[in-house]
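Listing of upload_25.txt, compact mmCIF, C-alpha atoms and all ligand atoms
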# COMPACT_ATOMS: atom_id res chain seq x y z
CA MET A 1 9.66 -13.42 17.00
CA LEU A 2 7.17 -10.58 16.68
CA LYS A 3 7.42 -8.60 13.48
CA THR A 4 6.34 -4.97 13.64
CA THR A 5 4.97 -3.17 10.63
CA PRO A 6 6.63 0.21 10.11
CA ILE A 7 4.45 3.31 10.26
CA ILE A 8 5.42 5.77 7.55
CA THR A 9 4.22 9.36 7.72
CA VAL A 10 3.24 10.73 4.31
CA THR A 11 2.00 14.21 3.45
CA ALA A 12 -0.71 14.92 0.90
CA ALA A 13 -1.68 18.22 -0.74
CA ILE A 14 -5.30 19.05 -1.44
CA ILE A 15 -4.79 21.64 -4.16
CA GLU A 16 -7.93 23.58 -4.99
CA LYS A 17 -8.37 25.81 -8.02
CA ASP A 18 -11.63 27.41 -9.16
CA GLY A 19 -13.60 25.02 -6.98
CA ARG A 20 -11.86 21.89 -8.31
CA ILE A 21 -9.47 19.54 -6.53
CA LEU A 22 -6.33 18.05 -8.05
CA ALA A 23 -6.07 14.26 -8.16
CA ALA A 24 -3.05 12.44 -9.61
CA ARG A 25 -2.91 8.82 -10.83
CA LYS A 26 0.10 6.73 -9.78
CA ARG A 27 2.00 5.44 -12.81
CA ASP A 28 2.80 1.77 -13.53
CA GLY A 29 5.57 0.20 -11.49
CA LEU A 30 4.98 2.21 -8.33
CA HIS A 31 3.16 1.22 -5.13
CA LEU A 32 -0.58 1.75 -5.77
CA ALA A 33 -0.18 2.06 -9.56
CA GLY A 34 -3.47 3.05 -11.19
CA TYR A 35 -4.91 4.51 -7.99
CA TRP A 36 -5.64 8.22 -7.61
CA GLU A 37 -4.00 10.15 -4.78
CA PHE A 38 -3.14 13.60 -3.58
CA PRO A 39 0.43 14.55 -4.48
CA GLY A 40 2.95 14.49 -1.65
CA GLY A 41 5.39 12.02 -0.15
CA LYS A 42 7.26 10.66 2.82
CA LEU A 43 8.12 12.98 5.67
CA GLU A 44 11.87 13.10 6.22
CA ALA A 45 13.58 13.52 9.58
CA HIS A 46 13.68 17.12 10.87
CA GLU A 47 11.17 18.25 8.25
CA THR A 48 7.79 19.82 8.97
CA PRO A 49 4.84 18.48 6.96
CA GLU A 50 4.64 21.88 5.23
CA ASP A 51 8.35 21.75 4.22
CA CYS A 52 7.86 18.18 3.04
CA LEU A 53 4.91 19.15 0.84
CA ARG A 54 6.74 22.10 -0.71
CA ARG A 55 9.72 19.82 -1.48
CA GLU A 56 7.63 16.93 -2.83
CA LEU A 57 5.43 19.13 -5.01
CA THR A 58 8.51 20.63 -6.63
CA GLU A 59 10.29 17.27 -7.06
CA GLU A 60 7.23 15.35 -8.21
CA LEU A 61 5.26 17.89 -10.25
CA GLY A 62 7.58 20.86 -10.76
CA ILE A 63 5.14 23.24 -9.08
CA HIS A 64 5.35 25.69 -6.21
CA CYS A 65 2.53 25.85 -3.68
CA GLU A 66 1.55 27.76 -0.62
CA ILE A 67 0.60 25.26 2.06
CA GLY A 68 -2.62 26.03 3.92
CA PRO A 69 -4.48 24.53 6.88
CA PHE A 70 -4.51 20.89 7.91
CA LEU A 71 -7.60 19.03 6.65
CA ALA A 72 -7.52 15.51 8.12
CA GLU A 73 -5.35 12.46 8.65
CA SER A 74 -5.76 8.74 8.18
CA LEU A 75 -3.96 5.60 9.24
CA HIS A 76 -4.06 2.72 6.78
CA ASP A 77 -2.46 -0.72 7.01
CA TYR A 78 -1.29 -1.90 3.56
CA GLY A 79 0.07 -5.13 5.08
CA THR A 80 3.76 -4.50 4.49
CA LYS A 81 3.56 -0.92 5.76
CA ILE A 82 1.19 1.32 7.65
CA ILE A 83 0.72 4.77 6.15
CA ARG A 84 -0.15 7.76 8.31
CA LEU A 85 -1.42 10.24 5.76
CA LEU A 86 -1.58 13.94 6.67
CA GLY A 87 -3.73 16.07 4.35
CA PHE A 88 -3.18 19.82 4.02
CA HIS A 89 -4.90 22.35 1.82
CA ALA A 90 -2.56 23.96 -0.71
CA ARG A 91 -2.62 26.66 -3.37
CA HIS A 92 -0.65 26.41 -6.60
CA THR A 93 1.32 29.65 -6.98
CA ARG A 94 3.65 28.99 -9.93
CA GLY A 95 5.20 26.40 -12.22
CA ASP A 96 3.80 24.20 -14.99
CA PHE A 97 2.89 20.62 -14.16
CA HIS A 98 5.45 17.97 -15.20
CA LEU A 99 4.42 14.44 -14.30
CA THR A 100 7.05 12.02 -12.97
CA ASP A 101 5.41 9.59 -10.52
CA HIS A 102 1.98 9.98 -12.11
CA ASP A 103 0.56 9.29 -15.55
CA ALA A 104 -2.48 11.56 -15.34
CA ILE A 105 -3.93 14.41 -13.35
CA ARG A 106 -7.52 15.57 -13.09
CA TRP A 107 -9.20 18.60 -11.58
CA LEU A 108 -12.28 17.13 -9.93
CA THR A 109 -15.45 18.95 -8.95
CA ALA A 110 -16.88 18.19 -5.49
CA GLU A 111 -19.41 15.86 -7.17
CA GLU A 112 -16.67 13.98 -9.04
CA LEU A 113 -14.53 13.36 -5.94
CA ALA A 114 -16.33 10.13 -5.09
CA THR A 115 -16.12 8.78 -8.65
CA VAL A 116 -12.41 7.95 -8.96
CA GLN A 117 -10.57 5.02 -7.41
CA TRP A 118 -8.63 6.59 -4.55
CA ALA A 119 -5.71 4.91 -2.80
CA PRO A 120 -7.27 3.25 0.27
CA ALA A 121 -5.43 5.56 2.72
CA ASP A 122 -6.96 8.60 0.99
CA ILE A 123 -10.59 7.66 1.50
CA PRO A 124 -10.98 9.29 4.97
CA LEU A 125 -9.37 12.45 3.56
CA VAL A 126 -11.73 12.46 0.58
CA ASP A 127 -14.69 11.95 2.94
CA ALA A 128 -13.53 14.87 5.11
CA LEU A 129 -13.17 17.00 2.01
CA ILE A 130 -16.62 16.08 0.68
CA SER A 131 -18.17 16.97 4.09
CA LYS A 132 -16.29 20.27 4.13
CA LEU A 133 -17.23 21.23 0.57
CA GLY A 134 -20.75 19.80 1.08
N1 LIG B 201 2.02 10.95 -1.96
C1 LIG B 201 1.03 10.18 -1.57
N2 LIG B 201 1.28 8.91 -1.17
C2 LIG B 201 0.23 8.18 -0.78
C3 LIG B 201 -1.09 8.69 -0.79
N3 LIG B 201 -1.94 7.71 -0.35
C4 LIG B 201 -1.18 6.63 -0.06
O1 LIG B 201 -1.58 5.55 0.36
N4 LIG B 201 0.15 6.91 -0.33
C5 LIG B 201 1.25 5.97 -0.14
C6 LIG B 201 1.91 5.52 -1.42
C7 LIG B 201 3.31 5.22 -0.95
O2 LIG B 201 3.34 3.91 -0.40
C8 LIG B 201 3.54 6.23 0.15
C9 LIG B 201 4.26 7.47 -0.32
O3 LIG B 201 5.46 7.15 -0.81
P1 LIG B 201 6.12 7.87 -2.05
O4 LIG B 201 6.99 6.87 -2.68
O5 LIG B 201 5.10 8.58 -2.87
O6 LIG B 201 6.95 8.99 -1.29
P2 LIG B 201 8.37 9.52 -1.67
O7 LIG B 201 8.30 10.15 -3.03
O8 LIG B 201 8.79 10.36 -0.50
O9 LIG B 201 9.20 8.16 -1.64
P3 LIG B 201 10.56 7.75 -2.33
O10 LIG B 201 10.14 7.28 -3.69
O11 LIG B 201 11.42 8.95 -2.32
O12 LIG B 201 11.00 6.64 -1.42
O13 LIG B 201 2.26 6.60 0.63
C10 LIG B 201 -1.32 10.03 -1.21
O14 LIG B 201 -2.45 10.54 -1.26
N5 LIG B 201 -0.23 10.72 -1.61
Would you encode the structure as structure tokens?
Ligand SMILES: Nc1nc2c([nH]c(=O)n2[C@H]2C[C@H](O)[C@@H](COP(=O)(O)OP(=O)(O)OP(=O)(O)O)O2)c(=O)[nH]1
Amino acid sequence: MLKTTPIITVTAAIIEKDGRILAARKRDGLHLAGYWEFPGGKLEAHETPEDCLRRELTEELGIHCEIGPFLAESLHDYGTKIIRLLGFHARHTRGDFHLTDHDAIRWLTAEELATVQWAPADIPLVDALISKLG
């Protein structure tokens, strides 16, 4: 019998402040532990990507953000699941950062973006961002 790999749509926020981009490192015990990613999460039924990002950023980091334009998307096959990652620009408006799913955050300059170990699905988004900031 043919087994199909599920495609899961995940949103990702590219939060920029003073020319730096927020990266968050997945904590131990979670899928992709130790890798850096853009905060976000799985799109739920009947939710727009923008609603999903606002919800995830509050749940995951305790922050409120204004969601801006779409940046890029990627499709990555992790073997057990395929992630369709949708990247949107975002602006932090209020709330202090409280980490739950991550064990570190960094504000990266454009030059530093290529120096951290991104989750594989994020690499096309990081490339798009580097070209845009270029
Ligand atoms: N949030 C986020 N997830 C990413 C990125 N890159 C990437 O491969 N992923 C993967 C990791 C996970 O397998 C999946 C997102 O799942 P998640 O567990 O963070 O989402 P969630 O909070 O909605 O899930 P759940 O724990 O409520 O089930 O996408 C990224 O930049 N941001």
Checklist entry - Of the candidates A:Arg20, A:Ile15, A:Glu111, A:Thr80, which shows the shortest atom-to-atom distance to Cys65 in chain A, using only C-alpha atoms? => result A:Ile15
With only C-alpha atoms as the counted atoms, please give the residues lying no more than 12 Å from His31 in chain A, apart from itself and same-chain residues fewer than 3 positions off, as a short mmCIF file (atom, residue, chain, number, x, y, z; two decimals) with C-alpha atoms, keeping the file's coordinate frame.
data_model
loop_
_atom_site.label_atom_id
_atom_site.label_comp_id
_atom_site.auth_asym_id
_atom_site.auth_seq_id
_atom_site.Cartn_x
_atom_site.Cartn_y
_atom_site.Cartn_z
CA ARG A 25 -2.91 8.82 -10.83
CA LYS A 26 0.10 6.73 -9.78
CA ARG A 27 2.00 5.44 -12.81
CA ASP A 28 2.80 1.77 -13.53
CA GLY A 34 -3.47 3.05 -11.19
CA TYR A 35 -4.91 4.51 -7.99
CA TRP A 36 -5.64 8.22 -7.61
CA GLU A 37 -4.00 10.15 -4.78
CA TYR A 78 -1.29 -1.90 3.56
CA THR A 80 3.76 -4.50 4.49
CA LYS A 81 3.56 -0.92 5.76
CA ASP A 101 5.41 9.59 -10.52
CA HIS A 102 1.98 9.98 -12.11
CA ALA A 119 -5.71 4.91 -2.80
CA PRO A 120 -7.27 3.25 0.27
#
Per-residue nearest contacts of chain A to ligand LIG 201 (chain B) (10 Å; all atoms listed in the file) as a Markdown table:
| residue | atom | partner | partner_atom | distance |
| --- | --- | --- | --- | --- |
| A:Ile8 | CA | B:LIG201 | C8 | 7.6 |
| A:Thr9 | CA | B:LIG201 | O13 | 7.9 |
| A:Val10 | CA | B:LIG201 | O13 | 5.6 |
| A:Thr11 | CA | B:LIG201 | N1 | 6.3 |
| A:Ala12 | CA | B:LIG201 | N5 | 4.9 |
| A:Ala13 | CA | B:LIG201 | N5 | 7.7 |
| A:Ile14 | CA | B:LIG201 | O14 | 9.0 |
| A:Ala23 | CA | B:LIG201 | O14 | 8.6 |
| A:Ala24 | CA | B:LIG201 | O14 | 8.6 |
| A:Arg25 | CA | B:LIG201 | O14 | 9.7 |
| A:Lys26 | CA | B:LIG201 | C6 | 8.6 |
| A:Leu30 | CA | B:LIG201 | O4 | 7.6 |
| A:His31 | CA | B:LIG201 | O2 | 5.4 |
| A:Leu32 | CA | B:LIG201 | C6 | 6.3 |
| A:Ala33 | CA | B:LIG201 | C6 | 9.1 |
| A:Tyr35 | CA | B:LIG201 | N3 | 8.8 |
| A:Trp36 | CA | B:LIG201 | O14 | 7.5 |
| A:Glu37 | CA | B:LIG201 | O14 | 3.9 |
| A:Phe38 | CA | B:LIG201 | O14 | 3.9 |
| A:Pro39 | CA | B:LIG201 | N1 | 4.7 |
| A:Gly40 | CA | B:LIG201 | N1 | 3.7 |
| A:Gly41 | CA | B:LIG201 | O6 | 3.6 |
| A:Lys42 | CA | B:LIG201 | O8 | 3.7 |
| A:Leu43 | CA | B:LIG201 | O8 | 6.7 |
| A:Glu44 | CA | B:LIG201 | O8 | 7.9 |
| A:Cys52 | CA | B:LIG201 | O8 | 8.6 |
| A:Leu53 | CA | B:LIG201 | N1 | 9.1 |
| A:Arg55 | CA | B:LIG201 | O8 | 9.6 |
| A:Glu56 | CA | B:LIG201 | O7 | 6.8 |
| A:Leu57 | CA | B:LIG201 | N1 | 9.4 |
| A:Glu59 | CA | B:LIG201 | O7 | 8.4 |
| A:Glu60 | CA | B:LIG201 | O7 | 7.4 |
| A:Ser74 | CA | B:LIG201 | N3 | 9.4 |
| A:Leu75 | CA | B:LIG201 | O1 | 9.2 |
| A:His76 | CA | B:LIG201 | O1 | 7.4 |
| A:Asp77 | CA | B:LIG201 | O1 | 9.2 |
| A:Tyr78 | CA | B:LIG201 | O1 | 8.1 |
| A:Thr80 | CA | B:LIG201 | O2 | 9.7 |
| A:Lys81 | CA | B:LIG201 | O2 | 7.8 |
| A:Ile82 | CA | B:LIG201 | O2 | 8.7 |
| A:Ile83 | CA | B:LIG201 | O13 | 6.0 |
| A:Arg84 | CA | B:LIG201 | O13 | 8.1 |
| A:Leu85 | CA | B:LIG201 | N3 | 6.6 |
| A:Leu86 | CA | B:LIG201 | O14 | 8.7 |
| A:Gly87 | CA | B:LIG201 | O14 | 8.0 |
| A:Asp101 | CA | B:LIG201 | O5 | 7.7 |
| A:His102 | CA | B:LIG201 | O5 | 9.9 |
| A:Trp118 | CA | B:LIG201 | N3 | 8.0 |
| A:Ala119 | CA | B:LIG201 | O1 | 5.2 |
| A:Pro120 | CA | B:LIG201 | O1 | 6.1 |
| A:Ala121 | CA | B:LIG201 | O1 | 4.5 |
| A:Asp122 | CA | B:LIG201 | N3 | 5.3 |
| A:Ile123 | CA | B:LIG201 | N3 | 8.8 |
| A:Leu125 | CA | B:LIG201 | O14 | 8.6 |
| A:Val126 | CA | B:LIG201 | O14 | 9.7 |
Next on the checklist: Calculated over only C-alpha atoms, which of the candidates A:Ala110, A:Leu61, A:Leu99, A:Ile67 has the smallest distance to Leu129 in chain A?
Outcome noted: A:Ala110
Checklist entry - So how far away is CA of Glu47 in chain A from CA of His92 in chain A, in Å? => result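 That distance, rounded to one decimal, is 20.7 Å.
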Item to check | Nearest residue to Thr4 in chain A from the set A:Gly79, A:Leu113, A:Ala104, A:Asp127 (distances using only C-alpha atoms) | outcome: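 So, comparing all the options, the nearest one is A:Gly79.
Between CA of Asp103 in chain A and CA of Glu66 in chain A the separation is 23.8 Å.
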Next on the checklist: Between CA of His46 in chain A and CA of Ile63 in chain A, what is the distance in Å, rounded to a tenth?
Outcome noted: 22.5 Å
Rebuild range 57-91 of chain A so that it carries N, CA and C atoms, then output the result as a JSON list (two decimals), in the coordinates of the input.
[["chain", "number", "residue", "atom", "x", "y", "z"],
["A", 57, "LEU", "N", 6.19, 18.59, -3.88],
["A", 57, "LEU", "CA", 5.43, 19.13, -5.01],
["A", 57, "LEU", "C", 6.37, 19.66, -6.08],
["A", 58, "THR", "N", 7.52, 20.17, -5.66],
["A", 58, "THR", "CA", 8.51, 20.63, -6.63],
["A", 58, "THR", "C", 9.17, 19.44, -7.30],
["A", 59, "GLU", "N", 9.60, 18.45, -6.50],
["A", 59, "GLU", "CA", 10.29, 17.27, -7.06],
["A", 59, "GLU", "C", 9.38, 16.48, -7.99],
["A", 60, "GLU", "N", 8.14, 16.28, -7.55],
["A", 60, "GLU", "CA", 7.23, 15.35, -8.21],
["A", 60, "GLU", "C", 6.46, 15.98, -9.37],
["A", 61, "LEU", "N", 6.12, 17.27, -9.24],
["A", 61, "LEU", "CA", 5.26, 17.89, -10.25],
["A", 61, "LEU", "C", 5.87, 19.16, -10.85],
["A", 62, "GLY", "N", 6.94, 19.64, -10.25],
["A", 62, "GLY", "CA", 7.58, 20.86, -10.76],
["A", 62, "GLY", "C", 6.81, 22.13, -10.43],
["A", 63, "ILE", "N", 5.95, 22.05, -9.42],
["A", 63, "ILE", "CA", 5.14, 23.24, -9.08],
["A", 63, "ILE", "C", 5.50, 23.78, -7.70],
["A", 64, "HIS", "N", 5.17, 25.06, -7.51],
["A", 64, "HIS", "CA", 5.35, 25.69, -6.21],
["A", 64, "HIS", "C", 3.96, 25.95, -5.63],
["A", 65, "CYS", "N", 3.83, 25.67, -4.34],
["A", 65, "CYS", "CA", 2.53, 25.85, -3.68],
["A", 65, "CYS", "C", 2.69, 26.52, -2.34],
["A", 66, "GLU", "N", 1.64, 27.21, -1.96],
["A", 66, "GLU", "CA", 1.55, 27.76, -0.62],
["A", 66, "GLU", "C", 0.75, 26.73, 0.17],
["A", 67, "ILE", "N", 1.29, 26.30, 1.30],
["A", 67, "ILE", "CA", 0.60, 25.26, 2.06],
["A", 67, "ILE", "C", -0.35, 25.91, 3.07],
["A", 68, "GLY", "N", -1.58, 25.45, 3.07],
["A", 68, "GLY", "CA", -2.62, 26.03, 3.92],
["A", 68, "GLY", "C", -2.92, 25.15, 5.12],
["A", 69, "PRO", "N", -4.13, 25.26, 5.66],
["A", 69, "PRO", "CA", -4.48, 24.53, 6.88],
["A", 69, "PRO", "C", -4.57, 23.01, 6.70],
["A", 70, "PHE", "N", -4.36, 22.35, 7.82],
["A", 70, "PHE", "CA", -4.51, 20.89, 7.91],
["A", 70, "PHE", "C", -5.97, 20.53, 7.65],
["A", 71, "LEU", "N", -6.22, 19.48, 6.88],
["A", 71, "LEU", "CA", -7.60, 19.03, 6.65],
["A", 71, "LEU", "C", -7.94, 17.84, 7.53],
["A", 72, "ALA", "N", -7.19, 16.76, 7.40],
["A", 72, "ALA", "CA", -7.52, 15.51, 8.12],
["A", 72, "ALA", "C", -6.36, 14.55, 7.99],
["A", 73, "GLU", "N", -6.38, 13.49, 8.80],
["A", 73, "GLU", "CA", -5.35, 12.46, 8.65],
["A", 73, "GLU", "C", -5.99, 11.09, 8.64],
["A", 74, "SER", "N", -5.25, 10.11, 8.13],
["A", 74, "SER", "CA", -5.76, 8.74, 8.18],
["A", 74, "SER", "C", -4.61, 7.80, 8.48],
["A", 75, "LEU", "N", -4.95, 6.64, 8.97],
["A", 75, "LEU", "CA", -3.96, 5.60, 9.24],
["A", 75, "LEU", "C", -4.44, 4.37, 8.50],
["A", 76, "HIS", "N", -3.61, 3.87, 7.56],
["A", 76, "HIS", "CA", -4.06, 2.72, 6.78],
["A", 76, "HIS", "C", -2.98, 1.65, 6.74],
["A", 77, "ASP", "N", -3.39, 0.42, 7.00],
["A", 77, "ASP", "CA", -2.46, -0.72, 7.01],
["A", 77, "ASP", "C", -2.49, -1.40, 5.64],
["A", 78, "TYR", "N", -1.38, -1.26, 4.87],
["A", 78, "TYR", "CA", -1.29, -1.90, 3.56],
["A", 78, "TYR", "C", -0.71, -3.32, 3.66],
["A", 79, "GLY", "N", -0.49, -3.79, 4.90],
["A", 79, "GLY", "CA", 0.07, -5.13, 5.08],
["A", 79, "GLY", "C", 1.56, -5.07, 5.33],
["A", 80, "THR", "N", 2.30, -4.59, 4.32],
["A", 80, "THR", "CA", 3.76, -4.50, 4.49],
["A", 80, "THR", "C", 4.16, -3.19, 5.16],
["A", 81, "LYS", "N", 3.29, -2.19, 5.08],
["A", 81, "LYS", "CA", 3.56, -0.92, 5.76],
["A", 81, "LYS", "C", 2.25, -0.27, 6.15],
["A", 82, "ILE", "N", 2.36, 0.54, 7.21],
["A", 82, "ILE", "CA", 1.19, 1.32, 7.65],
["A", 82, "ILE", "C", 1.48, 2.77, 7.28],
["A", 83, "ILE", "N", 0.53, 3.37, 6.58],
["A", 83, "ILE", "CA", 0.72, 4.77, 6.15],
["A", 83, "ILE", "C", -0.12, 5.68, 7.05],
["A", 84, "ARG", "N", 0.56, 6.67, 7.60],
["A", 84, "ARG", "CA", -0.15, 7.76, 8.31],
["A", 84, "ARG", "C", -0.14, 8.93, 7.35],
["A", 85, "LEU", "N", -1.32, 9.23, 6.82],
["A", 85, "LEU", "CA", -1.42, 10.24, 5.76],
["A", 85, "LEU", "C", -1.96, 11.55, 6.34],
["A", 86, "LEU", "N", -1.20, 12.62, 6.14],
["A", 86, "LEU", "CA", -1.58, 13.94, 6.67],
["A", 86, "LEU", "C", -1.99, 14.84, 5.50],
["A", 87, "GLY", "N", -3.23, 15.26, 5.47],
["A", 87, "GLY", "CA", -3.73, 16.07, 4.35],
["A", 87, "GLY", "C", -3.78, 17.55, 4.70],
["A", 88, "PHE", "N", -3.18, 18.36, 3.85],
["A", 88, "PHE", "CA", -3.18, 19.82, 4.02],
["A", 88, "PHE", "C", -3.74, 20.47, 2.77],
["A", 89, "HIS", "N", -4.48, 21.56, 2.97],
["A", 89, "HIS", "CA", -4.90, 22.35, 1.82],
["A", 89, "HIS", "C", -3.67, 23.03, 1.23],
["A", 90, "ALA", "N", -3.70, 23.30, -0.07],
["A", 90, "ALA", "CA", -2.56, 23.96, -0.71],
["A", 90, "ALA", "C", -3.07, 24.78, -1.89],
["A", 91, "ARG", "N", -2.26, 25.80, -2.23],
["A", 91, "ARG", "CA", -2.62, 26.66, -3.37],
["A", 91, "ARG", "C", -1.43, 26.73, -4.32]]
